[in-house]
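Novice: Structure file model.pdb, PDB, C-alpha atoms and all ligand atoms, is pasted below:
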```
MODEL        1
ATOM      1  CA  MET A 161     -13.575 -15.025  11.143
ATOM      2  CA  LEU A 162     -14.187 -18.670  12.053
ATOM      3  CA  ASP A 163     -17.992 -18.883  11.808
ATOM      4  CA  TYR A 164     -18.563 -16.999   8.525
ATOM      5  CA  PRO A 165     -15.270 -16.653   6.625
ATOM      6  CA  ASP A 166     -17.133 -16.094   3.337
ATOM      7  CA  VAL A 167     -18.720 -12.956   4.745
ATOM      8  CA  VAL A 168     -15.301 -11.594   5.732
ATOM      9  CA  SER A 169     -13.986 -12.364   2.245
ATOM     10  CA  GLN A 170     -16.930 -10.474   0.778
ATOM     11  CA  LEU A 171     -16.122  -7.455   2.964
ATOM     12  CA  HIS A 172     -12.518  -7.471   1.717
ATOM     13  CA  GLU A 173     -13.737  -7.625  -1.858
ATOM     14  CA  GLU A 174     -16.204  -4.816  -1.293
ATOM     15  CA  PHE A 175     -13.433  -2.456  -0.157
ATOM     16  CA  LEU A 176     -10.958  -3.595  -2.816
ATOM     17  CA  ARG A 177     -13.570  -3.070  -5.519
ATOM     18  CA  ALA A 178     -14.190   0.389  -4.047
ATOM     19  CA  GLY A 179     -10.544   1.261  -4.667
ATOM     20  CA  SER A 180      -8.570   0.228  -1.605
ATOM     21  CA  ASP A 181      -4.973  -0.688  -2.495
ATOM     22  CA  VAL A 182      -4.568  -2.808   0.622
ATOM     23  CA  ALA A 183      -6.494  -5.675   2.176
ATOM     24  CA  VAL A 184      -5.822  -5.434   5.907
ATOM     25  CA  ALA A 185      -6.038  -8.769   7.705
ATOM     26  CA  LEU A 186      -8.688  -8.593  10.385
ATOM     27  CA  THR A 187      -6.357  -9.333  13.293
ATOM     28  CA  TYR A 188      -6.840  -6.067  15.127
ATOM     29  CA  TYR A 189      -7.099  -6.942  18.829
ATOM     30  CA  ALA A 190      -6.668 -10.597  17.923
ATOM     31  CA  HIS A 191      -3.838 -10.697  20.424
ATOM     32  CA  ARG A 192      -3.497 -12.885  23.495
ATOM     33  CA  GLU A 193      -4.387 -10.193  26.035
ATOM     34  CA  LYS A 194      -7.711  -9.259  24.427
ATOM     35  CA  LEU A 195      -8.805 -12.775  23.479
ATOM     36  CA  ARG A 196      -8.099 -13.905  27.025
ATOM     37  CA  VAL A 197     -10.601 -11.282  28.236
ATOM     38  CA  VAL A 198     -13.326 -12.670  25.948
ATOM     39  CA  GLY A 199     -12.429 -16.288  26.653
ATOM     40  CA  ARG A 200     -11.149 -17.113  23.144
ATOM     41  CA  GLU A 201      -7.426 -17.417  23.791
ATOM     42  CA  ASN A 202      -7.421 -20.964  22.423
ATOM     43  CA  ASP A 203      -8.618 -19.728  19.032
ATOM     44  CA  LEU A 204      -5.823 -17.161  18.764
ATOM     45  CA  GLU A 205      -3.682 -18.890  16.153
ATOM     46  CA  LYS A 206      -6.655 -20.122  14.118
ATOM     47  CA  ILE A 207      -8.187 -16.624  13.963
ATOM     48  CA  ASN A 208      -4.896 -14.972  12.986
ATOM     49  CA  ARG A 209      -3.999 -17.466  10.271
ATOM     50  CA  GLN A 210      -7.506 -17.467   8.830
ATOM     51  CA  ALA A 211      -7.633 -13.653   8.808
ATOM     52  CA  VAL A 212      -4.395 -13.304   6.863
ATOM     53  CA  CYS A 213      -5.332 -16.093   4.503
ATOM     54  CA  LEU A 214      -8.689 -14.464   3.627
ATOM     55  CA  ALA A 215      -7.119 -11.010   3.157
ATOM     56  CA  ARG A 216      -4.361 -12.470   0.969
ATOM     57  CA  ARG A 217      -6.785 -14.344  -1.279
ATOM     58  CA  ALA A 218      -8.915 -11.211  -1.795
ATOM     59  CA  ALA A 219      -5.817  -9.070  -2.413
ATOM     60  CA  GLU A 220      -4.519 -11.531  -5.025
ATOM     61  CA  LYS A 221      -7.815 -11.329  -6.887
ATOM     62  CA  TYR A 222      -7.597  -7.527  -7.188
ATOM     63  CA  GLU A 223      -3.800  -7.218  -7.422
ATOM     64  CA  ALA A 224      -3.706  -5.338  -4.125
ATOM     65  CA  LEU A 225      -1.285  -5.520  -1.228
ATOM     66  CA  VAL A 226      -2.006  -7.513   1.890
ATOM     67  CA  ALA A 227      -1.169  -6.139   5.333
ATOM     68  CA  GLY A 228      -0.833  -8.023   8.584
ATOM     69  CA  ASN A 229      -2.257  -6.057  11.473
ATOM     70  CA  ILE A 230      -1.186  -5.557  15.096
ATOM     71  CA  CYS A 231      -2.213  -2.917  17.631
ATOM     72  CA  ASN A 232      -1.854  -1.693  21.210
ATOM     73  CA  THR A 233      -1.710  -4.728  23.480
ATOM     74  CA  TRP A 234      -3.022  -3.435  26.839
ATOM     75  CA  ALA A 235      -0.061  -5.247  28.378
ATOM     76  CA  TYR A 236       2.514  -2.467  28.012
ATOM     77  CA  LYS A 237       3.763  -0.476  31.001
ATOM     78  CA  PRO A 238       6.591   2.062  30.704
ATOM     79  CA  ASP A 239       9.853   1.114  32.417
ATOM     80  CA  ASP A 240       8.655  -2.413  33.135
ATOM     81  CA  PRO A 241      10.897  -5.040  31.501
ATOM     82  CA  LYS A 242       8.440  -7.833  32.289
ATOM     83  CA  ALA A 243       5.609  -5.992  30.502
ATOM     84  CA  ALA A 244       7.885  -5.236  27.546
ATOM     85  CA  LYS A 245       8.743  -8.927  27.310
ATOM     86  CA  GLU A 246       5.047  -9.871  27.284
ATOM     87  CA  VAL A 247       4.278  -7.285  24.557
ATOM     88  CA  ARG A 248       7.181  -8.619  22.477
ATOM     89  CA  ARG A 249       5.865 -12.163  22.854
ATOM     90  CA  GLN A 250       2.357 -11.154  21.749
ATOM     91  CA  TYR A 251       3.622  -9.197  18.733
ATOM     92  CA  ALA A 252       6.079 -11.943  17.775
ATOM     93  CA  GLU A 253       3.366 -14.612  17.615
ATOM     94  CA  GLN A 254       0.974 -12.431  15.582
ATOM     95  CA  VAL A 255       3.625 -11.156  13.163
ATOM     96  CA  GLY A 256       5.014 -14.682  12.917
ATOM     97  CA  TRP A 257       1.663 -16.122  11.821
ATOM     98  CA  ALA A 258       1.176 -13.228   9.389
ATOM     99  CA  ALA A 259       4.634 -13.718   7.867
ATOM    100  CA  ASP A 260       3.974 -17.421   7.607
ATOM    101  CA  GLU A 261       0.653 -16.942   5.764
ATOM    102  CA  GLY A 262       2.186 -14.312   3.458
ATOM    103  CA  VAL A 263       1.876 -10.516   3.842
ATOM    104  CA  ASP A 264       3.479  -7.571   2.039
ATOM    105  CA  PHE A 265       3.878  -5.465   5.163
ATOM    106  CA  ILE A 266       2.676  -5.113   8.743
ATOM    107  CA  LEU A 267       0.401  -2.299   9.845
ATOM    108  CA  ALA A 268       0.756  -1.495  13.555
ATOM    109  CA  GLU A 269      -2.165   0.645  14.679
ATOM    110  CA  THR A 270      -3.641   2.781  17.471
ATOM    111  CA  ILE A 271      -0.497   2.567  19.553
ATOM    112  CA  GLU A 272      -0.387   5.135  22.352
ATOM    113  CA  TYR A 273       3.079   4.538  23.837
ATOM    114  CA  VAL A 274       6.300   5.284  21.952
ATOM    115  CA  GLY A 275       7.861   2.441  23.961
ATOM    116  CA  GLU A 276       5.274  -0.063  22.740
ATOM    117  CA  ALA A 277       5.576   1.193  19.143
ATOM    118  CA  LEU A 278       9.326   0.639  19.268
ATOM    119  CA  ILE A 279       8.764  -2.985  20.318
ATOM    120  CA  ALA A 280       6.298  -3.432  17.444
ATOM    121  CA  LEU A 281       8.839  -2.007  15.005
ATOM    122  CA  GLU A 282      11.627  -4.202  16.318
ATOM    123  CA  VAL A 283       9.486  -7.349  16.022
ATOM    124  CA  ILE A 284       8.287  -6.491  12.480
ATOM    125  CA  LYS A 285      11.857  -5.840  11.361
ATOM    126  CA  SER A 286      13.008  -9.141  12.895
ATOM    127  CA  PHE A 287      10.732 -10.814  10.308
ATOM    128  CA  ASP A 288      12.270  -8.650   7.594
ATOM    129  CA  LEU A 289       8.950  -6.987   6.707
ATOM    130  CA  PRO A 290       8.154  -3.325   5.934
ATOM    131  CA  ALA A 291       6.577  -1.549   8.923
ATOM    132  CA  VAL A 292       3.804   1.035   8.941
ATOM    133  CA  ILE A 293       3.519   2.401  12.485
ATOM    134  CA  ASN A 294       0.450   4.506  13.271
ATOM    135  CA  PHE A 295      -0.249   6.148  16.596
ATOM    136  CA  GLY A 296      -3.818   6.646  17.840
ATOM    137  CA  PRO A 297      -3.788  10.324  18.872
ATOM    138  CA  ILE A 298      -6.727  10.390  21.302
ATOM    139  CA  TYR A 299      -5.047  12.944  23.563
ATOM    140  CA  GLU A 300      -2.504  15.698  22.859
ATOM    141  CA  LYS A 301       0.482  13.520  23.745
ATOM    142  CA  SER A 302       1.495   9.862  23.827
ATOM    143  CA  LYS A 303       0.866   8.061  27.109
ATOM    144  CA  ASP A 304       4.619   8.175  27.750
ATOM    145  CA  GLY A 305       4.711  11.950  27.317
ATOM    146  CA  TYR A 306       5.870  12.630  23.726
ATOM    147  CA  ASN A 307       4.075  15.020  21.444
ATOM    148  CA  TRP A 308       2.783  13.137  18.412
ATOM    149  CA  VAL A 309       5.225  14.588  15.891
ATOM    150  CA  GLU A 310       8.126  13.763  18.172
ATOM    151  CA  ALA A 311       6.721  10.235  18.624
ATOM    152  CA  CYS A 312       6.570   9.625  14.872
ATOM    153  CA  LYS A 313      10.022  11.081  14.376
ATOM    154  CA  ILE A 314      11.489   8.598  16.874
ATOM    155  CA  LEU A 315       9.881   5.704  14.984
ATOM    156  CA  ALA A 316      11.036   7.035  11.596
ATOM    157  CA  ASP A 317      14.573   7.491  12.942
ATOM    158  CA  ASN A 318      14.502   3.882  14.136
ATOM    159  CA  GLY A 319      13.639   2.533  10.699
ATOM    160  CA  ALA A 320       9.826   2.549  10.353
ATOM    161  CA  ASP A 321       8.993   2.684   6.637
ATOM    162  CA  VAL A 322       5.818   4.721   7.178
ATOM    163  CA  VAL A 323       4.794   6.678  10.277
ATOM    164  CA  GLY A 324       1.579   8.506  11.076
ATOM    165  CA  TYR A 325      -1.781   8.368  12.747
ATOM    166  CA  ASN A 326      -4.943   6.324  12.583
ATOM    167  CA  CYS A 327      -8.247   6.229  14.410
ATOM    168  CA  ALA A 328      -9.469   8.521  17.223
ATOM    169  CA  ARG A 329      -9.664  11.756  15.210
ATOM    170  CA  GLY A 330     -11.832  12.713  12.275
ATOM    171  CA  PRO A 331     -10.387  14.562   9.256
ATOM    172  CA  GLU A 332     -10.868  18.028  10.769
ATOM    173  CA  THR A 333      -8.732  17.371  13.851
ATOM    174  CA  LEU A 334      -6.285  14.923  12.238
ATOM    175  CA  LEU A 335      -5.216  17.042   9.257
ATOM    176  CA  PRO A 336      -3.492  19.683  11.466
ATOM    177  CA  LEU A 337      -1.362  16.872  12.988
ATOM    178  CA  GLY A 338      -0.573  15.667   9.459
ATOM    179  CA  ARG A 339       0.597  19.143   8.407
ATOM    180  CA  LYS A 340       3.025  19.319  11.324
ATOM    181  CA  LEU A 341       4.239  15.767  10.739
ATOM    182  CA  ARG A 342       4.853  16.391   7.009
ATOM    183  CA  ARG A 343       7.247  19.206   7.896
ATOM    184  CA  ALA A 344       9.058  17.124  10.536
ATOM    185  CA  VAL A 345       9.870  13.806   8.812
ATOM    186  CA  GLY A 346      11.178  12.891   5.373
ATOM    187  CA  SER A 347       9.650   9.416   5.129
ATOM    188  CA  THR A 348       6.195   8.432   3.867
ATOM    189  CA  ILE A 349       3.492   9.483   6.296
ATOM    190  CA  ALA A 350       0.058   8.005   6.991
ATOM    191  CA  LEU A 351      -3.259   9.663   7.861
ATOM    192  CA  VAL A 352      -6.167   7.327   8.555
ATOM    193  CA  PRO A 353      -8.908   9.281  10.381
ATOM    194  CA  VAL A 354     -12.257   7.974  11.587
ATOM    195  CA  PRO A 355     -15.173   9.080   9.383
ATOM    196  CA  TYR A 356     -16.775  11.312  12.029
ATOM    197  CA  HIS A 357     -17.088  15.046  12.660
ATOM    198  CA  THR A 358     -14.599  15.684  15.449
ATOM    199  CA  ASP A 359     -13.836  19.290  16.336
ATOM    200  CA  HIS A 360     -12.098  21.610  18.782
ATOM    201  CA  ASP A 361     -14.380  20.616  21.669
ATOM    202  CA  ALA A 362     -14.248  16.899  20.899
ATOM    203  CA  PRO A 363     -10.959  16.329  19.028
ATOM    204  CA  SER A 364     -11.371  12.518  19.231
ATOM    205  CA  PHE A 365     -14.458  10.393  18.673
ATOM    206  CA  GLN A 366     -14.092   9.093  22.213
ATOM    207  CA  PHE A 367     -15.313  12.562  23.355
ATOM    208  CA  LEU A 368     -18.267  12.997  20.993
ATOM    209  CA  LYS A 369     -21.635  13.306  22.669
ATOM    210  CA  ARG A 370     -24.868  11.689  21.606
ATOM    211  CA  ARG A 371     -28.033  13.770  21.678
ATOM    212  CA  GLY A 372     -29.645  13.067  25.042
ATOM    213  CA  ALA A 373     -26.662  11.131  26.410
ATOM    214  CA  ASP A 374     -23.185  11.800  27.782
ATOM    215  CA  SER A 375     -21.263   9.838  25.203
ATOM    216  CA  ALA A 376     -21.663   8.710  21.628
ATOM    217  CA  TYR A 377     -18.711   6.349  21.841
ATOM    218  CA  THR A 378     -18.995   3.759  20.362
ATOM    219  CA  LEU A 379     -22.549   2.661  19.621
ATOM    220  CA  GLY A 380     -24.119   6.109  19.111
ATOM    221  CA  LEU A 381     -21.590   7.523  16.668
ATOM    222  CA  ASP A 382     -23.793   7.282  13.577
ATOM    223  CA  GLN A 383     -25.193  10.785  14.036
ATOM    224  CA  HIS A 384     -21.659  12.197  13.656
ATOM    225  CA  TYR A 385     -20.797  10.518  10.326
ATOM    226  CA  ILE A 386     -19.039  12.452   7.592
ATOM    227  CA  ASP A 387     -20.477  11.843   4.129
ATOM    228  CA  ARG A 388     -18.666  10.573   1.038
ATOM    229  CA  ILE A 389     -18.116  14.120  -0.241
ATOM    230  CA  GLU A 390     -16.245  15.067   2.935
ATOM    231  CA  ALA A 391     -14.249  11.817   2.728
ATOM    232  CA  ALA A 392     -13.226  12.746  -0.826
ATOM    233  CA  GLU A 393     -12.263  16.264   0.279
ATOM    234  CA  PHE A 394     -10.099  14.782   3.023
ATOM    235  CA  ALA A 395      -8.314  12.492   0.542
ATOM    236  CA  VAL A 396      -7.550  15.371  -1.816
ATOM    237  CA  GLU A 397      -6.259  17.583   0.998
ATOM    238  CA  ALA A 398      -4.116  14.737   2.399
ATOM    239  CA  GLN A 399      -2.593  14.103  -1.022
ATOM    240  CA  ARG A 400      -1.937  17.837  -1.461
ATOM    241  CA  LEU A 401      -0.044  17.782   1.850
ATOM    242  CA  GLY A 402       2.127  14.936   0.593
ATOM    243  CA  VAL A 403       0.569  12.120   2.620
ATOM    244  CA  GLY A 404       1.460   8.813   0.968
ATOM    245  CA  PHE A 405      -0.730   6.433   2.972
ATOM    246  CA  ILE A 406      -4.336   7.645   3.003
ATOM    247  CA  GLY A 407      -7.305   5.799   4.455
ATOM    248  CA  LEU A 408     -10.286   5.804   6.773
ATOM    249  CA  CYS A 409     -10.578   3.913  10.059
ATOM    250  CA  CYS A 410     -13.433   2.555  12.219
ATOM    251  CA  GLY A 411     -16.877   3.059  10.703
ATOM    252  CA  ALA A 412     -15.792   3.690   7.102
ATOM    253  CA  GLY A 413     -17.972   2.224   4.385
ATOM    254  CA  PRO A 414     -17.048   1.272   0.827
ATOM    255  CA  HIS A 415     -18.937   4.333  -0.467
ATOM    256  CA  HIS A 416     -16.467   6.568   1.419
ATOM    257  CA  ILE A 417     -13.498   4.683  -0.030
ATOM    258  CA  ARG A 418     -14.842   4.769  -3.582
ATOM    259  CA  ALA A 419     -15.418   8.548  -3.367
ATOM    260  CA  MET A 420     -11.860   8.987  -2.054
ATOM    261  CA  ALA A 421     -10.342   6.825  -4.785
ATOM    262  CA  GLU A 422     -12.276   8.677  -7.481
ATOM    263  CA  ALA A 423     -11.280  12.067  -6.023
ATOM    264  CA  LEU A 424      -7.644  10.937  -6.268
ATOM    265  CA  GLY A 425      -8.085  10.207  -9.953
ATOM    266  CA  ARG A 426      -8.605   6.451  -9.779
ATOM    267  CA  LYS A 427     -11.295   4.457 -11.469
ATOM    268  CA  PRO A 428     -11.902   1.466  -9.217
ATOM    269  CA  VAL A 429     -14.003  -1.493 -10.340
ATOM    270  CA  ALA A 430     -16.998  -0.237  -8.343
ATOM    271  CA  SER A 431     -16.971   3.109 -10.205
ATOM    272  CA  GLN A 432     -19.126   1.315 -12.730
ATOM    273  CA  TYR A 433     -21.915   1.663 -10.164
ATOM    274  CA  SER A 434     -21.194   5.188  -8.914
ATOM    275  CA  PRO A 435     -24.375   7.226  -8.875
ATOM    276  CA  ASP A 436     -24.832   9.414 -11.943
ATOM    277  CA  MET A 437     -27.085  12.176 -10.632
ATOM    278  CA  SER A 438     -27.557  13.654 -14.109
ATOM    279  CA  ARG A 439     -29.829  10.681 -14.743
ATOM    280  CA  HIS A 440     -31.891  11.109 -11.586
ATOM    281  CA  GLY A 441     -35.566  11.670 -12.270
ATOM    282  CA  LEU A 442     -35.959  14.869 -10.274
ATOM    283  CA  LEU A 443     -32.438  16.032  -9.513
ATOM    284  CA  GLY A 444     -30.835  15.260 -12.858
ATOM    285  CA  SER A 445     -30.616  17.038 -16.231
ATOM    286  CA  GLU A 446     -33.571  19.051 -17.431
ATOM    287  CA  LYS A 447     -34.472  16.518 -20.077
ATOM    288  CA  VAL A 448     -34.624  13.585 -17.659
ATOM    289  CA  VAL A 449     -36.474  15.654 -15.085
ATOM    290  CA  LYS A 450     -39.091  16.718 -17.642
ATOM    291  CA  ALA A 451     -39.670  13.128 -18.720
ATOM    292  CA  HIS A 452     -40.353  11.965 -15.168
ATOM    293  CA  GLU A 453     -41.707  15.020 -13.430
ATOM    294  CA  LYS A 454     -45.346  14.292 -13.955
ATOM    295  CA  GLN A 455     -45.068  10.698 -12.860
ATOM    296  CA  PHE A 456     -43.002  11.414  -9.693
ATOM    297  CA  LEU A 457     -44.919  14.468  -8.553
ATOM    298  CA  GLY A 458     -48.133  12.575  -9.135
ATOM    299  CA  GLN A 459     -46.914   9.818  -6.791
ATOM    300  CA  TRP A 460     -45.742  12.174  -4.046
ATOM    301  CA  LYS A 461     -48.913  14.234  -3.847
TER     302      LYS A 461
HETATM  303 ZN    ZN B   1     -10.198   2.984  14.186
ENDMDL
END
```
What is this structure when it is put down as structure tokens?
Ligand SMILES: [Zn+2]
Specialist:
Amino acid sequence: MLDYPDVVSQLHEEFLRAGSDVAVALTYYAHREKLRVVGRENDLEKINRQAVCLARRAAEKYEALVAGNICNTWAYKPDDPKAAKEVRRQYAEQVGWAADEGVDFILAETIEYVGEALIALEVIKSFDLPAVINFGPIYEKSKDGYNWVEACKILADNGADVVGYNCARGPETLLPLGRKLRRAVGSTIALVPVPYHTDHDAPSFQFLKRRGADSAYTLGLDQHYIDRIEAAEFAVEAQRLGVGFIGLCCGAGPHHIRAMAEALGRKPVASQYSPDMSRHGLLGSEKVVKAHEKQFLGQWK
């Protein structure tokens, strides 16, 4: 964020060109607790302001929305007023900087406690901003004992504009949660899975195994990637369910997002460069194949 801001801007543009409607400021884990652990607490404000500023500039260019971003703090403990106060302080400074730099809404992500999510919501609303509150459903229940539908319902009842889930689960194990949630709440819901093949045995990517090792999380996840076709299928199914906030989380590439946008009937800027397989030398239409067959087969022999 501070060393190579141009590269971050380019990343925003890449995803916006691929069809994303939102530029999310890269302030995930840019909270006091985490930056203290990596010895960068003094850069906290600079990083947050810069992140929102870069996201906003990219969003303006593509007429997209810009979201401020907060997440689980690591400081929360249930029934501990001191911890709650610390979480509130950390959220208030991040949301404050985001509001100051100019955002359309705040996205609170991968929260695992209903109690912590309620603090996030309260802080976002104190700045008069719309709140999207997404839980990270790694396990079957929240860390304070609520099932995930119940957890979202509490947040919706308390005024969250959008409630749902992000991260942890891939499409296969997140969609069933989305189906239940759609029936339970009337407000807009969000599904933002990770782009990996999670299943019954490993419902979250934290439990995926890497060939020859105990765990694939996080550096060995590549062998579990979903492809762009599966990403598009997820988007269509989510829309059919009535999900209003659709995305992909950690590990998603612009090619996934473009395929999703196109499957939902959009024509993003980057569609100009979508592969047209009918023009592929060997896999395309008969005419094109005939014209190139001799040349290609000659090379490969
Ligand atoms: Zn994620």
Novice: Taking only C-alpha atoms and all ligand atoms into account, which residues are within 7 Å of ligand ZN 1 (chain B), as a list of chain:residue names?
Specialist: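 Residues lying within 7 Å of ligand ZN 1 (chain B): A:Asn326, A:Cys327, A:Ala328, A:Val354, A:Cys409, A:Cys410.
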Novice: Which protein, DNA or RNA residues have an atom at most 6 Å from (-5.9, -7.2, 18.6), counting all atoms listed in the file? List them as a PyMOL selection string.
Specialist: chain A and resi 187-191+231
Novice: Set the distance at 10 Å and use only C-alpha atoms: which residues neighbour A:Arg371 once local chain neighbours fewer than 3 positions away are removed? I'd like the list as number ranges by chain.
Specialist: A: 368, 374-376, 380, 383
Novice: Calculated over all atoms listed in the file, which of the candidates A:Cys312, A:Tyr377, A:Glu276, A:Leu408 has the smallest distance to A:Gly330?
Specialist: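 Among the listed residues, A:Leu408 lies closest to A:Gly330.
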Novice: To one decimal in Å, tell me the separation between atom CA of A:Leu186 and atom CA of A:Leu341.
Specialist: 27.6 Å
Novice: Using only C-alpha atoms, which protein or nucleic acid residues come within 10 Å of A:Gly346? Drop anything in the same chain fewer than 6 positions from it, and give the result as a JSON list (two decimals) with C-alpha atoms, in the frame of the given file.
Specialist:
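What landed in result-v3.json:
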```json
[["chain", "number", "residue", "atom", "x", "y", "z"],
["A", 313, "LYS", "CA", 10.02, 11.08, 14.38],
["A", 316, "ALA", "CA", 11.04, 7.04, 11.60],
["A", 317, "ASP", "CA", 14.57, 7.49, 12.94],
["A", 322, "VAL", "CA", 5.82, 4.72, 7.18]]
```
Novice: Figure out the distance between atom CA of A:Tyr251 and atom CA of A:Ile406, please, to one decimal in Å.
Specialist: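 Atom CA of A:Ile406 sits 24.4 Å away from atom CA of A:Tyr251.
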Novice: Name the residues within 8 Å of (-10.8, 13.3, 10.2), counting only C-alpha atoms in the file's coordinates, and put them as a PyMOL selection string.
Specialist: chain A and resi 329-335+352-358+394
Novice: Going by the chain IDs and residue numbers used in this file, which residues fall under the PyMOL selection byres (((chain A and resi 224) around 9) and not hetatm)? Write them as a ChimeraX atom specification.
Specialist: /A:176,180-183,216,218-223,225-226
Novice: Based on the selection just made, write C-alpha atoms of those residues as a JSON list (two decimals), in the frame of the given file.
Specialist:
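Writing the result to part-v6.json gives the following:
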```json
[["chain", "number", "residue", "atom", "x", "y", "z"],
["A", 176, "LEU", "CA", -10.96, -3.60, -2.82],
["A", 180, "SER", "CA", -8.57, 0.23, -1.60],
["A", 181, "ASP", "CA", -4.97, -0.69, -2.50],
["A", 182, "VAL", "CA", -4.57, -2.81, 0.62],
["A", 183, "ALA", "CA", -6.49, -5.68, 2.18],
["A", 216, "ARG", "CA", -4.36, -12.47, 0.97],
["A", 218, "ALA", "CA", -8.91, -11.21, -1.80],
["A", 219, "ALA", "CA", -5.82, -9.07, -2.41],
["A", 220, "GLU", "CA", -4.52, -11.53, -5.03],
["A", 221, "LYS", "CA", -7.82, -11.33, -6.89],
["A", 222, "TYR", "CA", -7.60, -7.53, -7.19],
["A", 223, "GLU", "CA", -3.80, -7.22, -7.42],
["A", 225, "LEU", "CA", -1.28, -5.52, -1.23],
["A", 226, "VAL", "CA", -2.01, -7.51, 1.89]]
```
Novice: Find the residue from A:Asn202, A:Leu289, A:Leu214, A:Gly372 that sits nearest to A:Glu173; use only C-alpha atoms when measuring.
Specialist: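 Selected residue with least distance to A:Glu173: A:Leu214.
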Novice: Provide the atom CA of A:Lys340 to atom CA of A:Ala392 distance in Å, to one decimal place.
Specialist: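 According to the coordinates, atom CA of A:Lys340 and atom CA of A:Ala392 are separated by 21.3 Å.
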Novice: Decode the PyMOL selection byres (((chain A and resi 193) around 12) and not hetatm) for the given file into explicit residues and return them as a list of chain:residue names.
Specialist: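 Listing what the PyMOL selection byres (((chain A and resi 193) around 12) and not hetatm) selects in the shown file: A:Tyr188, A:Tyr189, A:Ala190, A:His191, A:Arg192, A:Lys194, A:Leu195, A:Arg196, A:Val197, A:Val198, A:Gly199, A:Arg200, A:Glu201, A:Asn202, A:Leu204, A:Cys231, A:Asn232, A:Thr233, A:Trp234, A:Ala235, A:Tyr236, A:Ala243, A:Glu246, A:Val247, A:Arg249, A:Gln250, A:Tyr251, A:Gln254.
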Novice: List as a list in words the protein and nucleic acid residues near A:Gly425, meaning an atom at most 12 Å away when only C-alpha atoms are counted, but skip any in the same chain fewer than 6 places from it.
Specialist: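 In the requested form, the answer reads Gly179, Ala392, Ala395, Val396, Gln399, Arg418, Ala419 and Ser431 of chain A.
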Novice: Given the file shown, determine the residues that the PyMOL selection byres (((chain A and resi 403) around 9) and not hetatm) selects; report them as a PyMOL selection string.
Specialist: chain A and resi 338+342+348-351+397-402+404-406
Novice: Between A:Trp308, A:Pro363, A:Leu281, A:Phe295, which residue has the minimum interatomic distance to A:Asp321, considering only C-alpha atoms?
Specialist: A:Leu281
Novice: Given 4 Å of margin on each side, can you work out the centre and size in Å (one decimal) of an axis-aligned box holding every listed atom of stretch 303-314 of chain A, as lines of an AutoDock Vina configuration file?
Specialist:
```
center_x = 6.2
center_y = 11.5
center_z = 21.1
size_x = 18.6
size_y = 15.0
size_z = 21.4
```
